[in-house]
Every structure is written in C-alpha cells, then in structure tokens.
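Text of upload_6.pdb (PDB, N, CA and C atoms and all ligand atoms) as supplied:
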```pdb
ATOM      1  N   MET M   1       7.011  69.068   5.205
ATOM      2  CA  MET M   1       7.933  67.996   5.548
ATOM      3  C   MET M   1       8.858  68.464   6.679
ATOM      4  N   LEU M   2       9.029  67.579   7.646
ATOM      5  CA  LEU M   2       9.874  67.880   8.797
ATOM      6  C   LEU M   2      11.344  67.784   8.395
ATOM      7  N   THR M   3      12.095  68.859   8.653
ATOM      8  CA  THR M   3      13.527  68.889   8.332
ATOM      9  C   THR M   3      14.307  69.339   9.564
ATOM     10  N   LEU M   4      15.628  69.232   9.502
ATOM     11  CA  LEU M   4      16.453  69.707  10.615
ATOM     12  C   LEU M   4      16.221  71.189  10.855
ATOM     13  N   GLU M   5      15.958  71.938   9.791
ATOM     14  CA  GLU M   5      15.812  73.386   9.895
ATOM     15  C   GLU M   5      14.469  73.805  10.491
ATOM     16  N   ASN M   6      13.399  73.079  10.159
ATOM     17  CA  ASN M   6      12.086  73.516  10.657
ATOM     18  C   ASN M   6      11.578  72.662  11.821
ATOM     19  N   ALA M   7      12.400  71.746  12.312
ATOM     20  CA  ALA M   7      11.968  70.856  13.392
ATOM     21  C   ALA M   7      11.628  71.662  14.647
ATOM     22  N   PRO M   8      10.433  71.430  15.223
ATOM     23  CA  PRO M   8      10.089  72.140  16.454
ATOM     24  C   PRO M   8      10.892  71.610  17.637
ATOM     25  N   ILE M   9      10.967  72.415  18.674
ATOM     26  CA  ILE M   9      11.654  72.000  19.901
ATOM     27  C   ILE M   9      11.023  70.709  20.407
ATOM     28  N   GLY M  10      11.882  69.779  20.788
ATOM     29  CA  GLY M  10      11.407  68.485  21.271
ATOM     30  C   GLY M  10      11.490  67.386  20.227
ATOM     31  N   THR M  11      11.740  67.759  18.953
ATOM     32  CA  THR M  11      11.903  66.752  17.904
ATOM     33  C   THR M  11      13.119  65.894  18.211
ATOM     34  N   LYS M  12      13.003  64.594  17.953
ATOM     35  CA  LYS M  12      14.118  63.680  18.166
ATOM     36  C   LYS M  12      14.728  63.285  16.825
ATOM     37  N   ALA M  13      16.066  63.226  16.799
ATOM     38  CA  ALA M  13      16.814  62.714  15.641
ATOM     39  C   ALA M  13      17.547  61.466  16.136
ATOM     40  N   LEU M  14      17.199  60.322  15.550
ATOM     41  CA  LEU M  14      17.721  59.049  16.038
ATOM     42  C   LEU M  14      19.102  58.750  15.479
ATOM     43  N   ALA M  15      19.952  58.139  16.331
ATOM     44  CA  ALA M  15      21.287  57.718  15.905
ATOM     45  C   ALA M  15      21.248  56.252  15.482
ATOM     46  N   ILE M  16      22.097  55.882  14.540
ATOM     47  CA  ILE M  16      22.121  54.513  14.012
ATOM     48  C   ILE M  16      22.356  53.493  15.128
ATOM     49  N   GLY M  17      23.268  53.775  16.019
ATOM     50  CA  GLY M  17      23.626  52.807  17.056
ATOM     51  C   GLY M  17      22.806  52.922  18.328
ATOM     52  N   GLY M  18      21.731  53.693  18.308
ATOM     53  CA  GLY M  18      20.927  53.910  19.509
ATOM     54  C   GLY M  18      21.185  55.293  20.060
ATOM     55  N   GLY M  19      20.274  55.774  20.859
ATOM     56  CA  GLY M  19      20.365  57.138  21.377
ATOM     57  C   GLY M  19      19.778  58.123  20.381
ATOM     58  N   HIS M  20      19.721  59.369  20.779
ATOM     59  CA  HIS M  20      19.127  60.380  19.918
ATOM     60  C   HIS M  20      19.557  61.781  20.356
ATOM     61  N   TRP M  21      19.354  62.726  19.450
ATOM     62  CA  TRP M  21      19.514  64.139  19.763
ATOM     63  C   TRP M  21      18.109  64.707  19.905
ATOM     64  N   VAL M  22      17.979  65.748  20.711
ATOM     65  CA  VAL M  22      16.688  66.425  20.870
ATOM     66  C   VAL M  22      16.869  67.883  20.485
ATOM     67  N   ARG M  23      15.974  68.386  19.666
ATOM     68  CA  ARG M  23      15.991  69.785  19.254
ATOM     69  C   ARG M  23      15.695  70.667  20.455
ATOM     70  N   THR M  24      16.565  71.638  20.702
ATOM     71  CA  THR M  24      16.352  72.613  21.769
ATOM     72  C   THR M  24      16.441  74.012  21.155
ATOM     73  N   GLU M  25      16.318  75.022  21.991
ATOM     74  CA  GLU M  25      16.440  76.394  21.481
ATOM     75  C   GLU M  25      17.863  76.686  21.020
ATOM     76  N   ARG M  26      18.835  75.930  21.516
ATOM     77  CA  ARG M  26      20.240  76.196  21.212
ATOM     78  C   ARG M  26      20.815  75.284  20.144
ATOM     79  N   GLY M  27      20.099  74.256  19.735
ATOM     80  CA  GLY M  27      20.635  73.329  18.739
ATOM     81  C   GLY M  27      20.094  71.936  18.962
ATOM     82  N   TRP M  28      20.988  70.932  18.842
ATOM     83  CA  TRP M  28      20.587  69.528  18.984
ATOM     84  C   TRP M  28      21.360  68.934  20.137
ATOM     85  N   LYS M  29      20.634  68.565  21.192
ATOM     86  CA  LYS M  29      21.263  68.058  22.413
ATOM     87  C   LYS M  29      21.297  66.543  22.390
ATOM     88  N   TRP M  30      22.493  65.989  22.496
ATOM     89  CA  TRP M  30      22.624  64.531  22.598
ATOM     90  C   TRP M  30      21.958  64.079  23.895
ATOM     91  N   CYS M  31      21.317  62.912  23.879
ATOM     92  CA  CYS M  31      20.483  62.486  25.005
ATOM     93  C   CYS M  31      21.238  62.415  26.329
ATOM     94  N   THR M  32      22.540  62.211  26.287
ATOM     95  CA  THR M  32      23.277  62.145  27.553
ATOM     96  C   THR M  32      24.363  63.210  27.639
ATOM     97  N   GLY M  33      24.344  64.192  26.737
ATOM     98  CA  GLY M  33      25.487  65.086  26.748
ATOM     99  C   GLY M  33      25.252  66.480  26.221
ATOM    100  N   ALA M  34      26.189  66.921  25.410
ATOM    101  CA  ALA M  34      26.284  68.309  24.980
ATOM    102  C   ALA M  34      25.316  68.638  23.843
ATOM    103  N   THR M  35      25.234  69.943  23.554
ATOM    104  CA  THR M  35      24.399  70.447  22.473
ATOM    105  C   THR M  35      25.284  70.835  21.292
ATOM    106  N   PHE M  36      24.844  70.470  20.082
ATOM    107  CA  PHE M  36      25.600  70.711  18.860
ATOM    108  C   PHE M  36      24.735  71.480  17.864
ATOM    109  N   PRO M  37      25.345  72.096  16.849
ATOM    110  CA  PRO M  37      24.552  72.824  15.849
ATOM    111  C   PRO M  37      23.619  71.912  15.057
ATOM    112  N   ARG M  38      24.015  70.646  14.872
ATOM    113  CA  ARG M  38      23.172  69.685  14.166
ATOM    114  C   ARG M  38      23.529  68.280  14.641
ATOM    115  N   PRO M  39      22.657  67.281  14.372
ATOM    116  CA  PRO M  39      22.972  65.917  14.790
ATOM    117  C   PRO M  39      24.291  65.442  14.183
ATOM    118  N   GLY M  40      24.901  64.456  14.833
ATOM    119  CA  GLY M  40      26.190  63.939  14.393
ATOM    120  C   GLY M  40      26.091  63.099  13.127
ATOM    121  N   GLY M  41      27.247  62.624  12.647
ATOM    122  CA  GLY M  41      27.321  61.847  11.414
ATOM    123  C   GLY M  41      26.616  60.509  11.500
ATOM    124  N   ASP M  42      26.314  60.025  12.704
ATOM    125  CA  ASP M  42      25.604  58.750  12.829
ATOM    126  C   ASP M  42      24.094  58.929  12.974
ATOM    127  N   TRP M  43      23.606  60.127  12.658
ATOM    128  CA  TRP M  43      22.148  60.327  12.594
ATOM    129  C   TRP M  43      21.606  59.441  11.491
ATOM    130  N   ASN M  44      20.510  58.720  11.739
ATOM    131  CA  ASN M  44      19.978  57.793  10.732
ATOM    132  C   ASN M  44      19.062  58.472   9.714
ATOM    133  N   GLY M  45      18.908  59.781   9.801
ATOM    134  CA  GLY M  45      18.090  60.520   8.843
ATOM    135  C   GLY M  45      16.634  60.633   9.248
ATOM    136  N   GLU M  46      16.273  59.987  10.344
ATOM    137  CA  GLU M  46      14.881  59.984  10.776
ATOM    138  C   GLU M  46      14.648  61.058  11.832
ATOM    139  N   LEU M  47      13.538  61.785  11.688
ATOM    140  CA  LEU M  47      13.126  62.785  12.674
ATOM    141  C   LEU M  47      11.765  62.382  13.234
ATOM    142  N   ILE M  48      11.609  62.484  14.541
ATOM    143  CA  ILE M  48      10.347  62.131  15.187
ATOM    144  C   ILE M  48       9.777  63.369  15.855
ATOM    145  N   LYS M  49       8.574  63.752  15.397
ATOM    146  CA  LYS M  49       7.923  64.941  15.952
ATOM    147  C   LYS M  49       7.627  64.758  17.433
ATOM    148  N   PRO M  50       7.743  65.841  18.204
ATOM    149  CA  PRO M  50       7.352  65.729  19.606
ATOM    150  C   PRO M  50       5.849  65.489  19.707
ATOM    151  N   VAL M  51       5.446  64.797  20.740
ATOM    152  CA  VAL M  51       4.025  64.542  20.974
ATOM    153  C   VAL M  51       3.467  65.672  21.829
ATOM    154  N   ASN M  52       2.358  66.225  21.384
ATOM    155  CA  ASN M  52       1.694  67.267  22.167
ATOM    156  C   ASN M  52       0.604  66.634  23.027
ATOM    157  N   PHE M  53       0.447  67.177  24.217
ATOM    158  CA  PHE M  53      -0.605  66.711  25.127
ATOM    159  C   PHE M  53      -1.497  67.898  25.458
ATOM    160  N   GLN M  54      -2.784  67.656  25.537
ATOM    161  CA  GLN M  54      -3.705  68.722  25.934
ATOM    162  C   GLN M  54      -4.792  68.141  26.822
ATOM    163  N   PRO M  55      -5.292  68.958  27.785
ATOM    164  CA  PRO M  55      -6.364  68.460  28.641
ATOM    165  C   PRO M  55      -7.670  68.384  27.859
ATOM    166  N   LYS M  56      -8.544  67.538  28.343
ATOM    167  CA  LYS M  56      -9.847  67.369  27.710
ATOM    168  C   LYS M  56     -10.658  68.655  27.876
ATOM    169  N   GLY M  57     -11.121  69.216  26.787
ATOM    170  CA  GLY M  57     -11.784  70.516  26.791
ATOM    171  C   GLY M  57     -13.009  70.574  27.683
ATOM    172  N   SER M  58     -13.799  69.507  27.681
ATOM    173  CA  SER M  58     -15.018  69.528  28.489
ATOM    174  C   SER M  58     -14.687  69.562  29.979
ATOM    175  N   GLN M  59     -13.562  69.011  30.344
ATOM    176  CA  GLN M  59     -13.120  69.086  31.741
ATOM    177  C   GLN M  59     -12.803  70.524  32.109
ATOM    178  N   CYS M  60     -12.033  71.196  31.246
ATOM    179  CA  CYS M  60     -11.630  72.582  31.521
ATOM    180  C   CYS M  60     -12.845  73.494  31.639
ATOM    181  N   THR M  61     -13.844  73.259  30.812
ATOM    182  CA  THR M  61     -15.048  74.081  30.851
ATOM    183  C   THR M  61     -15.717  74.022  32.220
ATOM    184  N   ALA M  62     -15.656  72.849  32.849
ATOM    185  CA  ALA M  62     -16.328  72.660  34.138
ATOM    186  C   ALA M  62     -15.395  72.849  35.335
ATOM    187  N   CYS M  63     -14.151  73.268  35.094
ATOM    188  CA  CYS M  63     -13.131  73.311  36.150
ATOM    189  C   CYS M  63     -13.000  74.718  36.746
ATOM    190  N   LYS M  64     -12.753  74.788  38.038
ATOM    191  CA  LYS M  64     -12.590  76.098  38.676
ATOM    192  C   LYS M  64     -11.266  76.769  38.288
ATOM    193  N   HIS M  65     -10.365  76.033  37.659
ATOM    194  CA  HIS M  65      -9.093  76.611  37.200
ATOM    195  C   HIS M  65      -9.146  77.013  35.722
ATOM    196  N   ARG M  66     -10.338  77.073  35.159
ATOM    197  CA  ARG M  66     -10.470  77.256  33.710
ATOM    198  C   ARG M  66      -9.826  78.546  33.204
ATOM    199  N   ASN M  67      -9.614  79.522  34.070
ATOM    200  CA  ASN M  67      -8.941  80.744  33.632
ATOM    201  C   ASN M  67      -7.432  80.654  33.808
ATOM    202  N   GLY M  68      -6.956  79.491  34.184
ATOM    203  CA  GLY M  68      -5.543  79.148  34.238
ATOM    204  C   GLY M  68      -4.686  80.115  35.032
ATOM    205  N   PRO M  69      -3.383  80.124  34.762
ATOM    206  CA  PRO M  69      -2.734  79.346  33.707
ATOM    207  C   PRO M  69      -2.527  77.891  34.119
ATOM    208  N   CYS M  70      -2.594  76.998  33.153
ATOM    209  CA  CYS M  70      -2.423  75.573  33.418
ATOM    210  C   CYS M  70      -1.277  74.973  32.602
ATOM    211  N   SER M  71      -0.611  75.784  31.807
ATOM    212  CA  SER M  71       0.407  75.247  30.891
ATOM    213  C   SER M  71       1.586  74.604  31.613
ATOM    214  N   HIS M  72       1.742  74.891  32.910
ATOM    215  CA  HIS M  72       2.848  74.294  33.661
ATOM    216  C   HIS M  72       2.552  72.866  34.103
ATOM    217  N   LEU M  73       1.316  72.413  33.956
ATOM    218  CA  LEU M  73       0.937  71.079  34.444
ATOM    219  C   LEU M  73       1.592  69.986  33.593
ATOM    220  N   PRO M  74       1.946  68.855  34.212
ATOM    221  CA  PRO M  74       2.636  67.765  33.485
ATOM    222  C   PRO M  74       1.651  66.876  32.723
ATOM    223  N   PHE M  75       1.069  67.413  31.672
ATOM    224  CA  PHE M  75       0.047  66.667  30.934
ATOM    225  C   PHE M  75       0.582  65.337  30.394
ATOM    226  N   HIS M  76       1.879  65.277  30.116
ATOM    227  CA  HIS M  76       2.439  64.035  29.548
ATOM    228  C   HIS M  76       2.398  62.875  30.535
ATOM    229  N   THR M  77       2.144  63.153  31.827
ATOM    230  CA  THR M  77       2.074  62.080  32.828
ATOM    231  C   THR M  77       0.635  61.645  33.101
ATOM    232  N   MET M  78      -0.330  62.312  32.480
ATOM    233  CA  MET M  78      -1.741  62.055  32.784
ATOM    234  C   MET M  78      -2.324  61.026  31.823
ATOM    235  N   PRO M  79      -3.396  60.330  32.239
ATOM    236  CA  PRO M  79      -3.987  59.288  31.396
ATOM    237  C   PRO M  79      -4.518  59.837  30.069
ATOM    238  N   VAL M  80      -4.198  59.170  28.985
ATOM    239  CA  VAL M  80      -4.651  59.571  27.649
ATOM    240  C   VAL M  80      -6.034  58.999  27.408
ATOM    241  N   CYS M  81      -6.968  59.869  26.933
ATOM    242  CA  CYS M  81      -8.317  59.379  26.642
ATOM    243  C   CYS M  81      -8.630  59.430  25.154
ATOM    244  N   ASN M  82      -7.778  60.098  24.367
ATOM    245  CA  ASN M  82      -8.044  60.183  22.923
ATOM    246  C   ASN M  82      -6.772  60.636  22.221
ATOM    247  N   THR M  83      -6.637  60.273  20.949
ATOM    248  CA  THR M  83      -5.538  60.762  20.120
ATOM    249  C   THR M  83      -6.140  61.434  18.897
ATOM    250  N   LEU M  84      -5.792  62.701  18.658
ATOM    251  CA  LEU M  84      -6.338  63.459  17.543
ATOM    252  C   LEU M  84      -5.603  63.099  16.246
ATOM    253  N   PRO M  85      -6.190  63.426  15.086
ATOM    254  CA  PRO M  85      -5.563  63.065  13.807
ATOM    255  C   PRO M  85      -4.126  63.576  13.649
ATOM    256  N   ASP M  86      -3.787  64.700  14.294
ATOM    257  CA  ASP M  86      -2.415  65.221  14.170
ATOM    258  C   ASP M  86      -1.461  64.590  15.187
ATOM    259  N   GLY M  87      -1.943  63.631  15.966
ATOM    260  CA  GLY M  87      -1.091  62.937  16.939
ATOM    261  C   GLY M  87      -1.171  63.489  18.345
ATOM    262  N   THR M  88      -1.851  64.634  18.509
ATOM    263  CA  THR M  88      -2.001  65.212  19.845
ATOM    264  C   THR M  88      -2.753  64.240  20.753
ATOM    265  N   LYS M  89      -2.227  64.064  21.975
ATOM    266  CA  LYS M  89      -2.863  63.184  22.958
ATOM    267  C   LYS M  89      -3.742  64.029  23.874
ATOM    268  N   VAL M  90      -4.996  63.671  23.978
ATOM    269  CA  VAL M  90      -5.923  64.338  24.894
ATOM    270  C   VAL M  90      -5.913  63.553  26.193
ATOM    271  N   VAL M  91      -5.719  64.282  27.307
ATOM    272  CA  VAL M  91      -5.561  63.599  28.597
ATOM    273  C   VAL M  91      -6.646  63.998  29.589
ATOM    274  N   ILE M  92      -6.836  63.130  30.580
ATOM    275  CA  ILE M  92      -7.715  63.424  31.713
ATOM    276  C   ILE M  92      -6.865  64.183  32.730
ATOM    277  N   CYS M  93      -7.208  65.432  32.985
ATOM    278  CA  CYS M  93      -6.388  66.277  33.851
ATOM    279  C   CYS M  93      -6.543  65.870  35.321
ATOM    280  N   SER M  94      -5.424  65.630  35.956
ATOM    281  CA  SER M  94      -5.438  65.210  37.358
ATOM    282  C   SER M  94      -5.642  66.389  38.310
ATOM    283  N   GLU M  95      -5.571  67.614  37.784
ATOM    284  CA  GLU M  95      -5.757  68.804  38.628
ATOM    285  C   GLU M  95      -7.176  69.363  38.541
ATOM    286  N   PHE M  96      -8.039  68.654  37.843
ATOM    287  CA  PHE M  96      -9.419  69.101  37.670
ATOM    288  C   PHE M  96     -10.105  69.263  39.023
ATOM    289  N   GLU M  97     -10.798  70.383  39.192
ATOM    290  CA  GLU M  97     -11.656  70.593  40.357
ATOM    291  C   GLU M  97     -12.934  71.251  39.857
ATOM    292  N   ARG M  98     -14.037  70.613  40.137
ATOM    293  CA  ARG M  98     -15.317  71.125  39.632
ATOM    294  C   ARG M  98     -15.592  72.507  40.208
ATOM    295  N   ARG M  99     -15.994  73.418  39.322
ATOM    296  CA  ARG M  99     -16.302  74.772  39.781
ATOM    297  C   ARG M  99     -17.739  74.829  40.269
ATOM    298  N   ASN M 100     -18.009  75.767  41.150
ATOM    299  CA  ASN M 100     -19.374  75.974  41.612
ATOM    300  C   ASN M 100     -20.139  76.694  40.515
ATOM    301  N   THR M 101     -21.375  76.309  40.298
ATOM    302  CA  THR M 101     -22.141  76.945  39.221
ATOM    303  C   THR M 101     -22.900  78.148  39.698
TER
HETATM  304  S1  LIG M 201      -6.659  72.295  36.025
HETATM  305 FE1  LIG M 201      -6.759  70.857  34.296
HETATM  306  S2  LIG M 201      -8.994  70.578  33.917
HETATM  307 FE2  LIG M 201      -8.717  72.418  35.162
HETATM  308  S3  LIG M 201      -8.669  74.095  33.680
HETATM  309 FE3  LIG M 201      -6.525  73.495  34.129
HETATM  310  S4  LIG M 201      -6.037  72.013  32.546
HETATM  311 FE4  LIG M 201      -8.261  72.199  32.562
END
```
Take the structure in the file and give it back as structure tokens.
Amino acid sequence: MLTLENAPIGTKALAIGGGHWVRTERGWKWCTGATFPRPGGDWNGELIKPVNFQPKGSQCTACKHRNGPCSHLPFHTMPVCNTLPDGTKVVICSEFERRNT
C-alpha cells in the first residue's frame, strides 16, 4: 500500500481545494512553492503514483543507440503505444535510429 513514508519520488498528494504536493528527495514540494516534511492539513488523503515511461523494447534492440545511455530522453513526451498492467506506459522512441546489421 502506498503511504507518505514509502511513496516514490514523483508521487502526488492532492489538496482538497486543488493543487498538489509532489514527493521529492527532500520532502513534499507544493506545486507552486516550497518543500515541506509532509503534505499540509488540506491534503485529501489521496496519493497518486508517478507514471513510468519506457521505450519499446523491440525498437531498442534494432537501434544504434542500444548501448545507451538513454535514460535522459524525455520519454513522457513520446507517443504511447501500450500500457502495462503496472501502469507503465510504453512509448515509441523519437530518438530511434536503425543500426547497421
Ligand atoms: S534511442 Fe530510443 S530506441 Fe534507441 S536505444 Fe535509446 S531508448 Fe531505445
């Protein structure tokens, strides 16, 4: 179960009146402001897991960049082609370049 204590970085805690805090390495950062040890008193009790994005594996196998590193790429901006059971979004990588065989 997702809790304030085990929430991974990027988890959102929603406020009753709108807005949210985001889990960071330093605590909970209000969407427009400072970072606090925990969400404020108007937290609605709901936590939303961050969405993970990953490139399509078959693309990487055929790509000249397959030895990476590719983790810096903005996968969250790329077209989604599948959603895995755990919520991970599989994307079509825009940096794909076919490798010579
Ligand atoms: S550039 Fe994209 S497709 Fe190519 S190896 Fe990296 S993540 Fe995979």
- Atom-to-atom span, CA of Met78 (chain M) and atom C of Glu25 (chain M), Å: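 Between these atoms lies a distance of 27.1 Å.
Near region 35-52 of chain M, within 5 Å and counting all atoms listed in the file, sit Gly10, Thr11, Lys12, Ala13, Leu14, Ala15, Ile16, Gly27, Trp28, Lys29, Trp30, Gly33, Gln54, Thr88 and Lys89 of chain M; same-chain residues fewer than 2 positions away were not included.
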Requested write-out: N, CA and C atoms of the selected residues, as a PDB file, keeping the file's coordinate frame:
```pdb
ATOM      1  N   GLY M  10      11.882  69.779  20.788  1.00  0.00           N
ATOM      2  CA  GLY M  10      11.407  68.485  21.271  1.00  0.00           C
ATOM      3  C   GLY M  10      11.490  67.386  20.227  1.00  0.00           C
ATOM      4  N   THR M  11      11.740  67.759  18.953  1.00  0.00           N
ATOM      5  CA  THR M  11      11.903  66.752  17.904  1.00  0.00           C
ATOM      6  C   THR M  11      13.119  65.894  18.211  1.00  0.00           C
ATOM      7  N   LYS M  12      13.003  64.594  17.953  1.00  0.00           N
ATOM      8  CA  LYS M  12      14.118  63.680  18.166  1.00  0.00           C
ATOM      9  C   LYS M  12      14.728  63.285  16.825  1.00  0.00           C
ATOM     10  N   ALA M  13      16.066  63.226  16.799  1.00  0.00           N
ATOM     11  CA  ALA M  13      16.814  62.714  15.641  1.00  0.00           C
ATOM     12  C   ALA M  13      17.547  61.466  16.136  1.00  0.00           C
ATOM     13  N   LEU M  14      17.199  60.322  15.550  1.00  0.00           N
ATOM     14  CA  LEU M  14      17.721  59.049  16.038  1.00  0.00           C
ATOM     15  C   LEU M  14      19.102  58.750  15.479  1.00  0.00           C
ATOM     16  N   ALA M  15      19.952  58.139  16.331  1.00  0.00           N
ATOM     17  CA  ALA M  15      21.287  57.718  15.905  1.00  0.00           C
ATOM     18  C   ALA M  15      21.248  56.252  15.482  1.00  0.00           C
ATOM     19  N   ILE M  16      22.097  55.882  14.540  1.00  0.00           N
ATOM     20  CA  ILE M  16      22.121  54.513  14.012  1.00  0.00           C
ATOM     21  C   ILE M  16      22.356  53.493  15.128  1.00  0.00           C
ATOM     22  N   GLY M  27      20.099  74.256  19.735  1.00  0.00           N
ATOM     23  CA  GLY M  27      20.635  73.329  18.739  1.00  0.00           C
ATOM     24  C   GLY M  27      20.094  71.936  18.962  1.00  0.00           C
ATOM     25  N   TRP M  28      20.988  70.932  18.842  1.00  0.00           N
ATOM     26  CA  TRP M  28      20.587  69.528  18.984  1.00  0.00           C
ATOM     27  C   TRP M  28      21.360  68.934  20.137  1.00  0.00           C
ATOM     28  N   LYS M  29      20.634  68.565  21.192  1.00  0.00           N
ATOM     29  CA  LYS M  29      21.263  68.058  22.413  1.00  0.00           C
ATOM     30  C   LYS M  29      21.297  66.543  22.390  1.00  0.00           C
ATOM     31  N   TRP M  30      22.493  65.989  22.496  1.00  0.00           N
ATOM     32  CA  TRP M  30      22.624  64.531  22.598  1.00  0.00           C
ATOM     33  C   TRP M  30      21.958  64.079  23.895  1.00  0.00           C
ATOM     34  N   GLY M  33      24.344  64.192  26.737  1.00  0.00           N
ATOM     35  CA  GLY M  33      25.487  65.086  26.748  1.00  0.00           C
ATOM     36  C   GLY M  33      25.252  66.480  26.221  1.00  0.00           C
ATOM     37  N   GLN M  54      -2.784  67.656  25.537  1.00  0.00           N
ATOM     38  CA  GLN M  54      -3.705  68.722  25.934  1.00  0.00           C
ATOM     39  C   GLN M  54      -4.792  68.141  26.822  1.00  0.00           C
ATOM     40  N   THR M  88      -1.851  64.634  18.509  1.00  0.00           N
ATOM     41  CA  THR M  88      -2.001  65.212  19.845  1.00  0.00           C
ATOM     42  C   THR M  88      -2.753  64.240  20.753  1.00  0.00           C
ATOM     43  N   LYS M  89      -2.227  64.064  21.975  1.00  0.00           N
ATOM     44  CA  LYS M  89      -2.863  63.184  22.958  1.00  0.00           C
ATOM     45  C   LYS M  89      -3.742  64.029  23.874  1.00  0.00           C
TER      46      LYS M  89
END
```
So that I can check the surroundings of Thr77 (chain M), please list as a PDB file with N, CA and C atoms, in the frame of the given file every protein, DNA and RNA residue that reaches within 8 Å of it, counting only N, CA and C atoms and ignoring chain neighbours fewer than 4 positions away.
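Generated file (out_13.pdb):
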```pdb
ATOM      1  N   LEU M  73       1.316  72.413  33.956  1.00  0.00           N
ATOM      2  CA  LEU M  73       0.937  71.079  34.444  1.00  0.00           C
ATOM      3  C   LEU M  73       1.592  69.986  33.593  1.00  0.00           C
ATOM      4  N   VAL M  91      -5.719  64.282  27.307  1.00  0.00           N
ATOM      5  CA  VAL M  91      -5.561  63.599  28.597  1.00  0.00           C
ATOM      6  C   VAL M  91      -6.646  63.998  29.589  1.00  0.00           C
ATOM      7  N   ILE M  92      -6.836  63.130  30.580  1.00  0.00           N
ATOM      8  CA  ILE M  92      -7.715  63.424  31.713  1.00  0.00           C
ATOM      9  C   ILE M  92      -6.865  64.183  32.730  1.00  0.00           C
ATOM     10  N   SER M  94      -5.424  65.630  35.956  1.00  0.00           N
ATOM     11  CA  SER M  94      -5.438  65.210  37.358  1.00  0.00           C
ATOM     12  C   SER M  94      -5.642  66.389  38.310  1.00  0.00           C
TER      13      SER M  94
END
```
- Please run DSSP on the backbone and report, as a list in words, all residues within chain M that come out as helix (DSSP H, G or I). Gly57, Ser58, Gln59, Cys60, Thr61, Phe75, His76 and Thr77 of chain M
- Item | Selected residue of minimal separation from ligand LIG 201 (chain M) among M:Arg98, M:Arg66, M:Arg26, M:His76, counting all atoms listed in the file |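 Once distances to ligand LIG 201 (chain M) are computed over all atoms listed in the file, the minimum belongs to M:Arg66.
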- Message: What residues of the protein or nucleic acid chains come within 9 Å of ligand LIG 201 (chain M) when you use only C-alpha atoms and all ligand atoms? Reply as a list in words.
- Response: Gln54, Pro55, Lys56, Gly57, Ser58, Gln59, Cys60, Thr61, Ala62, Cys63, Lys64, His65, Arg66, Asn67, Gly68, Pro69, Cys70, Ser71, Leu73, Phe75, Ile92, Cys93, Ser94, Glu95, Phe96, Glu97 and Arg98 of chain M
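Take atom N of Arg99 (chain M) and CA of Pro85 (chain M): the distance between them is 29.4 Å.
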- Message: From a backbone DSSP assignment, name each residue in chain M labelled strand (DSSP E or B), as a PyMOL selection string.
- Response: chain M and resi 12-15+20-23+28-30+35-36+43-48+53-55+63+80-83+89-91+98
